[in-house]
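Source file: data15.cif. Holds: mmCIF, C-alpha atoms.
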```
data_entry
#
loop_
_atom_site.group_PDB
_atom_site.id
_atom_site.type_symbol
_atom_site.label_atom_id
_atom_site.label_comp_id
_atom_site.auth_asym_id
_atom_site.auth_seq_id
_atom_site.Cartn_x
_atom_site.Cartn_y
_atom_site.Cartn_z
ATOM 1 C CA MET A 1 187.738 -15.219 44.339
ATOM 2 C CA SER A 2 190.399 -13.561 42.252
ATOM 3 C CA TRP A 3 194.148 -13.846 42.712
ATOM 4 C CA GLN A 4 194.451 -11.298 39.918
ATOM 5 C CA GLN A 5 192.613 -8.719 42.036
ATOM 6 C CA ARG A 6 194.961 -9.372 44.943
ATOM 7 C CA GLN A 7 198.028 -9.034 42.745
ATOM 8 C CA ILE A 8 196.813 -5.805 41.137
ATOM 9 C CA LEU A 9 196.046 -4.327 44.566
ATOM 10 C CA ASP A 10 199.447 -5.298 45.934
ATOM 11 C CA ALA A 11 201.253 -3.777 42.961
ATOM 12 C CA GLY A 12 199.250 -0.571 43.250
ATOM 13 C CA LEU A 13 199.999 -0.202 46.941
ATOM 14 C CA ARG A 14 203.713 -0.604 46.303
ATOM 15 C CA ARG A 15 203.601 2.245 43.776
ATOM 16 C CA SER A 16 201.814 4.555 46.195
ATOM 17 C CA PRO A 17 203.749 6.970 48.428
ATOM 18 C CA SER A 18 204.031 5.657 51.975
ATOM 19 C CA VAL A 19 202.029 7.345 54.723
ATOM 20 C CA ALA A 20 204.468 6.032 57.325
ATOM 21 C CA GLY A 21 207.514 8.111 56.551
ATOM 22 C CA PRO A 22 206.862 11.878 56.198
ATOM 23 C CA ARG A 23 208.935 14.216 58.304
ATOM 24 C CA SER A 24 206.403 15.209 60.937
ATOM 25 C CA VAL A 25 203.309 13.896 62.703
ATOM 26 C CA GLY A 26 201.302 16.617 60.994
ATOM 27 C CA GLU A 27 202.432 15.431 57.571
ATOM 28 C CA MET A 28 201.696 11.847 58.503
ATOM 29 C CA ARG A 29 198.166 12.807 59.540
ATOM 30 C CA GLU A 30 197.565 14.755 56.336
ATOM 31 C CA GLY A 31 198.849 11.893 54.209
ATOM 32 C CA PHE A 32 196.754 9.324 56.046
ATOM 33 C CA ALA A 33 193.614 11.451 55.785
ATOM 34 C CA ALA A 34 194.200 11.904 52.036
ATOM 35 C CA LEU A 35 194.728 8.174 51.547
ATOM 36 C CA MET A 36 191.609 7.170 53.457
ATOM 37 C CA ALA A 37 189.471 9.799 51.705
ATOM 38 C CA MET A 38 189.905 7.730 48.534
ATOM 39 C CA PHE A 39 187.577 5.044 49.927
ATOM 40 C CA PRO A 40 183.950 5.939 49.073
ATOM 41 C CA VAL A 41 181.371 5.983 51.835
ATOM 42 C CA PRO A 42 178.086 4.214 51.038
ATOM 43 C CA GLU A 43 175.220 6.660 50.523
ATOM 44 C CA ASP A 44 172.610 4.638 52.391
ATOM 45 C CA VAL A 45 173.861 5.525 55.881
ATOM 46 C CA ARG A 46 173.256 8.583 58.035
ATOM 47 C CA ARG A 47 176.168 10.280 59.816
ATOM 48 C CA THR A 48 175.554 12.469 62.858
ATOM 49 C CA PRO A 49 178.187 14.164 65.041
ATOM 50 C CA THR A 50 177.767 13.260 68.689
ATOM 51 C CA GLU A 51 179.737 12.904 71.927
ATOM 52 C CA LEU A 52 180.550 9.828 73.960
ATOM 53 C CA GLY A 53 182.492 9.606 77.180
ATOM 54 C CA GLY A 54 183.516 13.233 76.874
ATOM 55 C CA ARG A 55 184.999 12.763 73.406
ATOM 56 C CA PRO A 56 183.684 13.659 69.940
ATOM 57 C CA ALA A 57 182.199 10.759 68.018
ATOM 58 C CA VAL A 58 180.139 10.039 64.914
ATOM 59 C CA LEU A 59 176.893 8.088 64.969
ATOM 60 C CA VAL A 60 176.519 5.999 61.807
ATOM 61 C CA GLU A 61 173.056 4.552 61.164
ATOM 62 C CA PRO A 62 171.356 2.692 58.321
ATOM 63 C CA LEU A 63 168.697 4.733 56.541
ATOM 64 C CA THR A 64 166.284 1.844 56.946
ATOM 65 C CA GLU A 65 165.070 0.728 60.357
ATOM 66 C CA ALA A 66 168.067 -0.393 62.400
ATOM 67 C CA ARG A 67 168.407 -3.742 64.099
ATOM 68 C CA PRO A 68 168.787 -3.612 67.888
ATOM 69 C CA GLY A 69 172.312 -3.117 69.180
ATOM 70 C CA THR A 70 175.277 -0.751 69.051
ATOM 71 C CA ILE A 71 178.772 -1.158 67.615
ATOM 72 C CA LEU A 72 181.433 0.917 69.379
ATOM 73 C CA TYR A 73 183.974 1.486 66.606
ATOM 74 C CA PHE A 74 187.677 2.340 67.007
ATOM 75 C CA HIS A 75 189.443 3.760 63.932
ATOM 76 C CA GLY A 76 192.956 2.816 62.862
ATOM 77 C CA GLY A 77 196.051 4.951 62.367
ATOM 78 C CA SER A 78 198.934 3.639 64.493
ATOM 79 C CA PHE A 79 197.442 5.375 67.575
ATOM 80 C CA SER A 80 198.726 8.725 66.275
ATOM 81 C CA LEU A 81 196.752 9.238 63.041
ATOM 82 C CA GLY A 82 193.172 9.139 61.897
ATOM 83 C CA SER A 83 189.680 9.936 63.085
ATOM 84 C CA PRO A 84 186.176 8.540 62.668
ATOM 85 C CA GLU A 85 186.202 10.081 59.181
ATOM 86 C CA THR A 86 189.290 8.161 58.029
ATOM 87 C CA ALA A 87 187.546 4.900 58.951
ATOM 88 C CA MET A 88 184.113 5.980 57.738
ATOM 89 C CA SER A 89 184.025 3.812 54.626
ATOM 90 C CA LEU A 90 184.784 0.637 56.583
ATOM 91 C CA THR A 91 182.470 1.625 59.451
ATOM 92 C CA ALA A 92 179.605 2.380 57.070
ATOM 93 C CA HIS A 93 180.031 -0.892 55.189
ATOM 94 C CA LEU A 94 179.841 -2.753 58.501
ATOM 95 C CA VAL A 95 176.684 -0.836 59.432
ATOM 96 C CA ARG A 96 175.117 -1.627 56.038
ATOM 97 C CA ARG A 97 175.808 -5.332 56.380
ATOM 98 C CA THR A 98 174.725 -5.685 60.003
ATOM 99 C CA GLY A 99 171.846 -3.216 59.978
ATOM 100 C CA ILE A 100 173.146 -2.130 63.396
ATOM 101 C CA ARG A 101 174.153 1.411 64.260
ATOM 102 C CA ALA A 102 177.775 2.238 65.072
ATOM 103 C CA ILE A 103 179.322 5.007 67.123
ATOM 104 C CA SER A 104 182.869 5.756 65.978
ATOM 105 C CA LEU A 105 184.980 7.281 68.739
ATOM 106 C CA ASP A 106 187.432 10.131 68.191
ATOM 107 C CA TYR A 107 189.843 9.020 70.909
ATOM 108 C CA ARG A 108 192.900 11.056 71.849
ATOM 109 C CA LEU A 109 195.993 10.550 69.707
ATOM 110 C CA ALA A 110 199.692 10.224 70.453
ATOM 111 C CA PRO A 111 202.215 11.754 70.780
ATOM 112 C CA GLU A 112 200.202 14.560 72.397
ATOM 113 C CA ASN A 113 198.298 11.935 74.395
ATOM 114 C CA PRO A 114 200.340 8.717 74.634
ATOM 115 C CA PHE A 115 199.396 5.403 76.256
ATOM 116 C CA PRO A 116 197.030 4.864 78.021
ATOM 117 C CA ALA A 117 194.924 7.849 76.869
ATOM 118 C CA ALA A 118 193.198 6.044 73.981
ATOM 119 C CA ILE A 119 192.267 3.119 76.223
ATOM 120 C CA GLN A 120 190.926 5.475 78.888
ATOM 121 C CA ASP A 121 188.770 7.143 76.250
ATOM 122 C CA GLY A 122 187.487 3.766 75.089
ATOM 123 C CA VAL A 123 186.502 2.755 78.615
ATOM 124 C CA ALA A 124 184.832 6.119 79.221
ATOM 125 C CA ALA A 125 182.835 5.738 76.005
ATOM 126 C CA TYR A 126 181.747 2.213 76.913
ATOM 127 C CA ARG A 127 180.820 3.304 80.444
ATOM 128 C CA ASP A 128 178.755 6.149 78.969
ATOM 129 C CA LEU A 129 176.785 3.694 76.835
ATOM 130 C CA LEU A 130 176.087 1.502 79.847
ATOM 131 C CA GLU A 131 175.122 4.433 82.074
ATOM 132 C CA ASN A 132 172.673 5.590 79.416
ATOM 133 C CA GLY A 133 170.744 2.353 79.682
ATOM 134 C CA LEU A 134 172.308 0.079 77.066
ATOM 135 C CA GLN A 135 172.853 -3.517 78.075
ATOM 136 C CA ALA A 136 176.349 -4.943 77.632
ATOM 137 C CA SER A 137 174.753 -7.821 75.722
ATOM 138 C CA SER A 138 173.647 -5.329 73.047
ATOM 139 C CA ILE A 139 177.086 -3.742 72.515
ATOM 140 C CA GLY A 140 179.907 -4.980 70.316
ATOM 141 C CA PHE A 141 183.403 -3.554 69.928
ATOM 142 C CA ALA A 142 184.886 -3.308 66.429
ATOM 143 C CA GLY A 143 187.970 -1.638 65.017
ATOM 144 C CA ASP A 144 190.771 -1.775 62.480
ATOM 145 C CA SER A 145 194.564 -1.770 62.887
ATOM 146 C CA ALA A 146 195.361 0.249 66.027
ATOM 147 C CA GLY A 147 191.618 0.424 66.608
ATOM 148 C CA GLY A 148 191.485 -3.348 66.375
ATOM 149 C CA GLY A 149 194.023 -3.428 69.168
ATOM 150 C CA LEU A 150 191.863 -1.032 71.172
ATOM 151 C CA THR A 151 188.891 -3.397 70.963
ATOM 152 C CA VAL A 152 190.926 -5.851 73.030
ATOM 153 C CA THR A 153 192.746 -3.463 75.385
ATOM 154 C CA THR A 154 189.593 -1.447 76.079
ATOM 155 C CA ALA A 155 187.830 -4.679 77.002
ATOM 156 C CA LEU A 156 190.744 -5.619 79.272
ATOM 157 C CA ALA A 157 190.657 -2.249 81.036
ATOM 158 C CA ALA A 158 186.853 -2.329 81.276
ATOM 159 C CA ARG A 159 186.916 -5.793 82.846
ATOM 160 C CA ASP A 160 189.560 -4.697 85.341
ATOM 161 C CA ALA A 161 187.396 -1.668 86.195
ATOM 162 C CA GLY A 162 184.512 -3.979 87.053
ATOM 163 C CA LEU A 163 182.403 -3.308 83.969
ATOM 164 C CA PRO A 164 180.536 -6.125 82.241
ATOM 165 C CA MET A 165 182.018 -7.427 79.022
ATOM 166 C CA PRO A 166 180.507 -6.412 75.668
ATOM 167 C CA ALA A 167 178.774 -9.091 73.631
ATOM 168 C CA ALA A 168 181.450 -9.414 70.937
ATOM 169 C CA ILE A 169 184.790 -8.149 69.676
ATOM 170 C CA VAL A 170 185.621 -7.800 65.967
ATOM 171 C CA ALA A 171 189.178 -6.783 65.063
ATOM 172 C CA PHE A 172 190.361 -6.132 61.505
ATOM 173 C CA SER A 173 194.165 -6.541 61.187
ATOM 174 C CA PRO A 174 194.684 -5.571 64.829
ATOM 175 C CA GLY A 175 197.910 -4.370 66.382
ATOM 176 C CA LEU A 176 198.225 -6.422 69.563
ATOM 177 C CA ASP A 177 201.903 -6.494 70.477
ATOM 178 C CA HIS A 178 204.115 -3.464 70.984
ATOM 179 C CA THR A 179 207.051 -5.735 71.861
ATOM 180 C CA ARG A 180 207.043 -6.580 68.107
ATOM 181 C CA SER A 181 208.048 -10.139 68.958
ATOM 182 C CA GLY A 182 205.830 -12.000 66.480
ATOM 183 C CA ALA A 183 207.624 -14.126 63.893
ATOM 184 C CA SER A 184 205.703 -12.382 61.102
ATOM 185 C CA MET A 185 207.496 -9.141 61.980
ATOM 186 C CA VAL A 186 210.476 -10.787 60.281
ATOM 187 C CA THR A 187 208.990 -13.316 57.873
ATOM 188 C CA LYS A 188 206.462 -10.893 56.320
ATOM 189 C CA GLU A 189 208.715 -7.877 55.937
ATOM 190 C CA GLY A 190 208.815 -7.358 52.193
ATOM 191 C CA ALA A 191 205.532 -9.180 51.666
ATOM 192 C CA ASP A 192 203.759 -6.356 53.530
ATOM 193 C CA PRO A 193 203.290 -3.432 51.108
ATOM 194 C CA PHE A 194 202.622 -0.935 53.901
ATOM 195 C CA PHE A 195 205.067 -1.449 56.757
ATOM 196 C CA THR A 196 208.658 -2.140 57.638
ATOM 197 C CA ARG A 197 209.930 -3.070 61.061
ATOM 198 C CA ASP A 198 211.638 0.332 61.341
ATOM 199 C CA SER A 199 208.486 2.257 60.448
ATOM 200 C CA MET A 200 206.368 0.281 62.910
ATOM 201 C CA THR A 201 208.926 0.758 65.666
ATOM 202 C CA ALA A 202 209.093 4.514 65.038
ATOM 203 C CA ASN A 203 205.312 4.902 65.041
ATOM 204 C CA GLY A 204 205.024 2.693 68.106
ATOM 205 C CA ARG A 205 207.321 4.968 70.087
ATOM 206 C CA LEU A 206 204.872 7.828 69.609
ATOM 207 C CA TYR A 207 202.176 5.836 71.390
ATOM 208 C CA LEU A 208 204.385 4.264 74.039
ATOM 209 C CA GLY A 209 205.648 7.588 75.368
ATOM 210 C CA GLY A 210 208.422 5.761 77.181
ATOM 211 C CA ALA A 211 206.187 3.045 78.676
ATOM 212 C CA ASP A 212 207.439 -0.540 78.877
ATOM 213 C CA PRO A 213 205.666 -2.393 76.037
ATOM 214 C CA ASP A 214 205.901 -5.746 77.821
ATOM 215 C CA GLN A 215 202.571 -5.455 79.662
ATOM 216 C CA PRO A 216 199.002 -6.629 78.986
ATOM 217 C CA LEU A 217 197.590 -3.318 77.753
ATOM 218 C CA LEU A 218 200.436 -2.890 75.254
ATOM 219 C CA ALA A 219 201.088 -6.506 74.299
ATOM 220 C CA PRO A 220 197.852 -8.441 74.840
ATOM 221 C CA ALA A 221 198.934 -11.052 72.289
ATOM 222 C CA VAL A 222 201.813 -11.871 74.648
ATOM 223 C CA ARG A 223 200.688 -10.904 78.148
ATOM 224 C CA ALA A 224 196.909 -10.617 78.438
ATOM 225 C CA ASP A 225 194.705 -12.905 80.497
ATOM 226 C CA LEU A 226 191.527 -13.082 78.412
ATOM 227 C CA SER A 227 189.425 -14.865 81.024
ATOM 228 C CA GLY A 228 185.799 -13.827 80.858
ATOM 229 C CA PHE A 229 186.095 -12.288 77.398
ATOM 230 C CA PRO A 230 183.220 -12.407 74.931
ATOM 231 C CA PRO A 231 183.483 -14.164 71.558
ATOM 232 C CA ILE A 232 186.223 -12.678 69.382
ATOM 233 C CA LEU A 233 186.569 -12.496 65.591
ATOM 234 C CA LEU A 234 190.055 -11.705 64.278
ATOM 235 C CA GLN A 235 190.459 -11.043 60.551
ATOM 236 C CA VAL A 236 193.942 -10.708 59.075
ATOM 237 C CA GLY A 237 195.842 -11.232 55.818
ATOM 238 C CA THR A 238 198.819 -13.482 55.189
ATOM 239 C CA ASN A 239 200.904 -10.603 53.799
ATOM 240 C CA GLU A 240 200.789 -8.646 57.052
ATOM 241 C CA MET A 241 203.656 -8.087 59.433
ATOM 242 C CA LEU A 242 200.938 -8.048 62.129
ATOM 243 C CA LEU A 243 199.719 -11.549 61.184
ATOM 244 C CA ASP A 244 201.112 -13.205 64.302
ATOM 245 C CA ASP A 245 199.496 -10.622 66.571
ATOM 246 C CA SER A 246 196.149 -12.188 65.666
ATOM 247 C CA VAL A 247 197.474 -15.743 65.629
ATOM 248 C CA ARG A 248 198.898 -15.472 69.133
ATOM 249 C CA LEU A 249 195.879 -13.659 70.569
ATOM 250 C CA ALA A 250 193.662 -16.447 69.223
ATOM 251 C CA GLU A 251 195.863 -18.952 71.035
ATOM 252 C CA ARG A 252 195.546 -17.003 74.299
ATOM 253 C CA ALA A 253 191.775 -16.822 73.844
ATOM 254 C CA ARG A 254 191.538 -20.587 73.399
ATOM 255 C CA GLU A 255 193.702 -21.115 76.474
ATOM 256 C CA ALA A 256 191.284 -18.910 78.448
ATOM 257 C CA GLY A 257 188.232 -20.835 77.235
ATOM 258 C CA VAL A 258 187.015 -17.967 75.043
ATOM 259 C CA ASP A 259 185.169 -18.535 71.772
ATOM 260 C CA VAL A 260 187.424 -17.198 69.019
ATOM 261 C CA VAL A 261 187.421 -17.209 65.233
ATOM 262 C CA LEU A 262 190.756 -16.620 63.505
ATOM 263 C CA ASP A 263 189.826 -15.655 59.937
ATOM 264 C CA VAL A 264 192.924 -15.528 57.698
ATOM 265 C CA THR A 265 192.787 -14.522 54.029
ATOM 266 C CA ALA A 266 195.726 -15.283 51.748
ATOM 267 C CA GLY A 267 197.594 -12.699 49.720
ATOM 268 C CA VAL A 268 195.876 -9.579 51.040
ATOM 269 C CA PRO A 269 197.268 -6.473 52.766
ATOM 270 C CA HIS A 270 196.660 -4.708 56.052
ATOM 271 C CA VAL A 271 192.962 -3.884 56.648
ATOM 272 C CA PHE A 272 192.068 -5.430 53.291
ATOM 273 C CA GLN A 273 188.375 -5.132 54.230
ATOM 274 C CA SER A 274 188.591 -1.465 53.166
ATOM 275 C CA TYR A 275 188.953 -2.405 49.487
ATOM 276 C CA VAL A 276 185.335 -3.425 48.948
ATOM 277 C CA ASP A 277 185.173 -1.874 45.484
ATOM 278 C CA THR A 278 188.292 -3.598 44.129
ATOM 279 C CA LEU A 279 188.717 -6.866 46.038
ATOM 280 C CA ASP A 280 186.107 -9.609 46.238
ATOM 281 C CA GLU A 281 187.649 -10.919 49.439
ATOM 282 C CA ALA A 282 187.020 -7.594 51.187
ATOM 283 C CA GLY A 283 183.261 -7.827 50.788
ATOM 284 C CA LEU A 284 183.234 -11.504 51.714
ATOM 285 C CA ALA A 285 185.227 -10.804 54.883
ATOM 286 C CA LEU A 286 182.824 -8.019 55.855
ATOM 287 C CA ASP A 287 179.895 -10.366 55.243
ATOM 288 C CA ARG A 288 181.436 -12.843 57.675
ATOM 289 C CA ALA A 289 182.101 -10.109 60.230
ATOM 290 C CA ALA A 290 178.525 -8.859 59.934
ATOM 291 C CA LEU A 291 177.134 -12.350 60.470
ATOM 292 C CA PHE A 292 179.317 -12.743 63.559
ATOM 293 C CA VAL A 293 178.069 -9.422 64.993
ATOM 294 C CA ARG A 294 174.420 -10.224 64.331
ATOM 295 C CA GLN A 295 174.785 -13.628 65.964
ATOM 296 C CA GLN A 296 176.353 -12.223 69.135
ATOM 297 C CA LEU A 297 174.428 -8.991 69.808
ATOM 298 C CA ARG A 298 171.055 -9.291 71.485
#
```
Now that the file is in, can you turn its structure into structure tokens?
Amino acid sequence: MSWQQRQILDAGLRRSPSVAGPRSVGEMREGFAALMAMFPVPEDVRRTPTELGGRPAVLVEPLTEARPGTILYFHGGSFSLGSPETAMSLTAHLVRRTGIRAISLDYRLAPENPFPAAIQDGVAAYRDLLENGLQASSIGFAGDSAGGGLTVTTALAARDAGLPMPAAIVAFSPGLDHTRSGASMVTKEGADPFFTRDSMTANGRLYLGGADPDQPLLAPAVRADLSGFPPILLQVGTNEMLLDDSVRLAERAREAGVDVVLDVTAGVPHVFQSYVDTLDEAGLALDRAALFVRQQLR
């Protein structure tokens, strides 16, 4: 493990133009897409456009024979940016390491489609998988950033709709509290090379659309009852303003009698798992996530 790698990455991120502050949503989306296009996609996966729950999606499969199971993947982007393509590098690396196919969902984005549109799309996609003959025990949810939050809130909404729980949840640097009440929102400002409290608040408003954030589907780290949830893996870095979102959700999971792994890596940024080519810890974290998925999916 290399502290030098972490320090070089942090310095490079601080020199890069922010994707959080352009003048319009369109500019933010273009900047985010350009940033994420810098991450190479492994060549030994197959990508096929598809549809799930009435929404576009991308099926990502290993070129070799796949293991049984399906990962329903939710991309990041503050609920207003991104697509399956912006998360393709991370999705493909997870598929390579698990040997399990993933379907990355192109859920509706804010502000055109604010809360709860993305959650509704997630539930519809999950219901579609179940109605097409997949067993819940063979499905895992995974996602990064906002998509990491959707792994939890989609499971909450699915449970409340009477659907069986998936076999596992994997969340990379998830956003789990739109009240922004975690201590790390203050203590990690400055350490986080991506976000400020003001930028997160502004982006959050796009998704909220005027909704009260103090409710389970917007602040599961604070309000959610996780009873009946499947095993959860939360991976987060110590330099993240969202650190305490994962810490507090892990506490709620334990209180609800849910198996949970809180996997914290020191000195790394938001969704550090994306930096497989430059950060040893990224590949190691993905290896741990892949092992967790393989152990849980049947």
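Going from CA of Tyr126 in chain A to CA of Ala158 in chain A covers 8.1 Å.
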Discussion item. (200.0, -4.0, 69.6) in this file's frame - what residues fall within 10 Å of it? Use only C-alpha atoms and give the answer as a ChimeraX atom specification.
Written reply: /A:78-79,145-150,152-153,174-180,204,213,216-222,242,245-246
Discussion item. Residues within 9 Å of range 66-71 of chain A, please, as JSON, numbers by chain. Count only C-alpha atoms; anything in the same chain fewer than 2 positions from it doesn't count.
Written reply: {"A": [61, 62, 63, 64, 73, 95, 98, 99, 100, 101, 102, 103, 104, 134, 135, 137, 138, 139, 140, 141, 142, 293, 294, 297, 298]}
Fill in: Evaluate the PyMOL selection byres ((chain A and resi 188-193) around 12) and report residues as a count of residues only
42
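Across the model, the gap from CA of Tyr107 in chain A to CA of Ser83 in chain A is 7.9 Å.
Atom pair CA of Arg288 in chain A / CA of Ser274 in chain A has a distance of 14.2 Å (rounded to one decimal).
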Worksheet entry | Matched chain/residue IDs from the PyMOL selection byres ((chain A and resi 113) around 10), as a VMD selection string | chain A and resid 79 to 80 107 to 112 114 to 118 206 to 209
Practice prompt. Can you pull out every residue within 12 Å of Ala161 in chain A, counting only C-alpha atoms, but drop anything in the same chain fewer than 6 positions away, and send it as an NGL selection string?
Written response: :A and (120 or 123-124 or 126-127 or 154-155)
Worksheet item: Which residue, A:Glu43, A:Asp212, A:Glu85, A:Asp106, has the smallest gap to Ala57 in chain A when you use all atoms listed in the file?
Response: A:Asp106
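With distances restricted to only C-alpha atoms, A:Pro56 is the closest residue to Pro84 in chain A from A:Ile232, A:Pro56, A:Gln4, A:Arg96.
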Worksheet item: Which residue gives the smallest distance to Gly77 in chain A among A:Arg29, A:Arg159, A:Arg254, A:His93, with only C-alpha atoms counted?
Response: A:Arg29
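The residues returned by the PyMOL selection byres ((chain A and resi 227) around 10) for this structure are Leu156, Arg159, Ala224, Asp225, Leu226, Gly228, Phe229, Pro230, Arg252, Ala253, Arg254, Glu255, Ala256, Gly257 and Val258 of chain A.
When all atoms listed in the file are used to compute distances to Val260 in chain A, the closest of the residues A:Ala289, A:Ala282, A:Ala211, A:Ile169 turns out to be A:Ile169.
Using all atoms listed in the file, the smallest distance between any of A:Leu233, A:Asp277, A:Val58, A:Ala171 and Met38 in chain A comes from A:Asp277.
Minimum distance to Gln273 in chain A across A:Thr48, A:Asn132, A:Ser181, A:Ser89 (counting only C-alpha atoms) occurs at A:Ser89.
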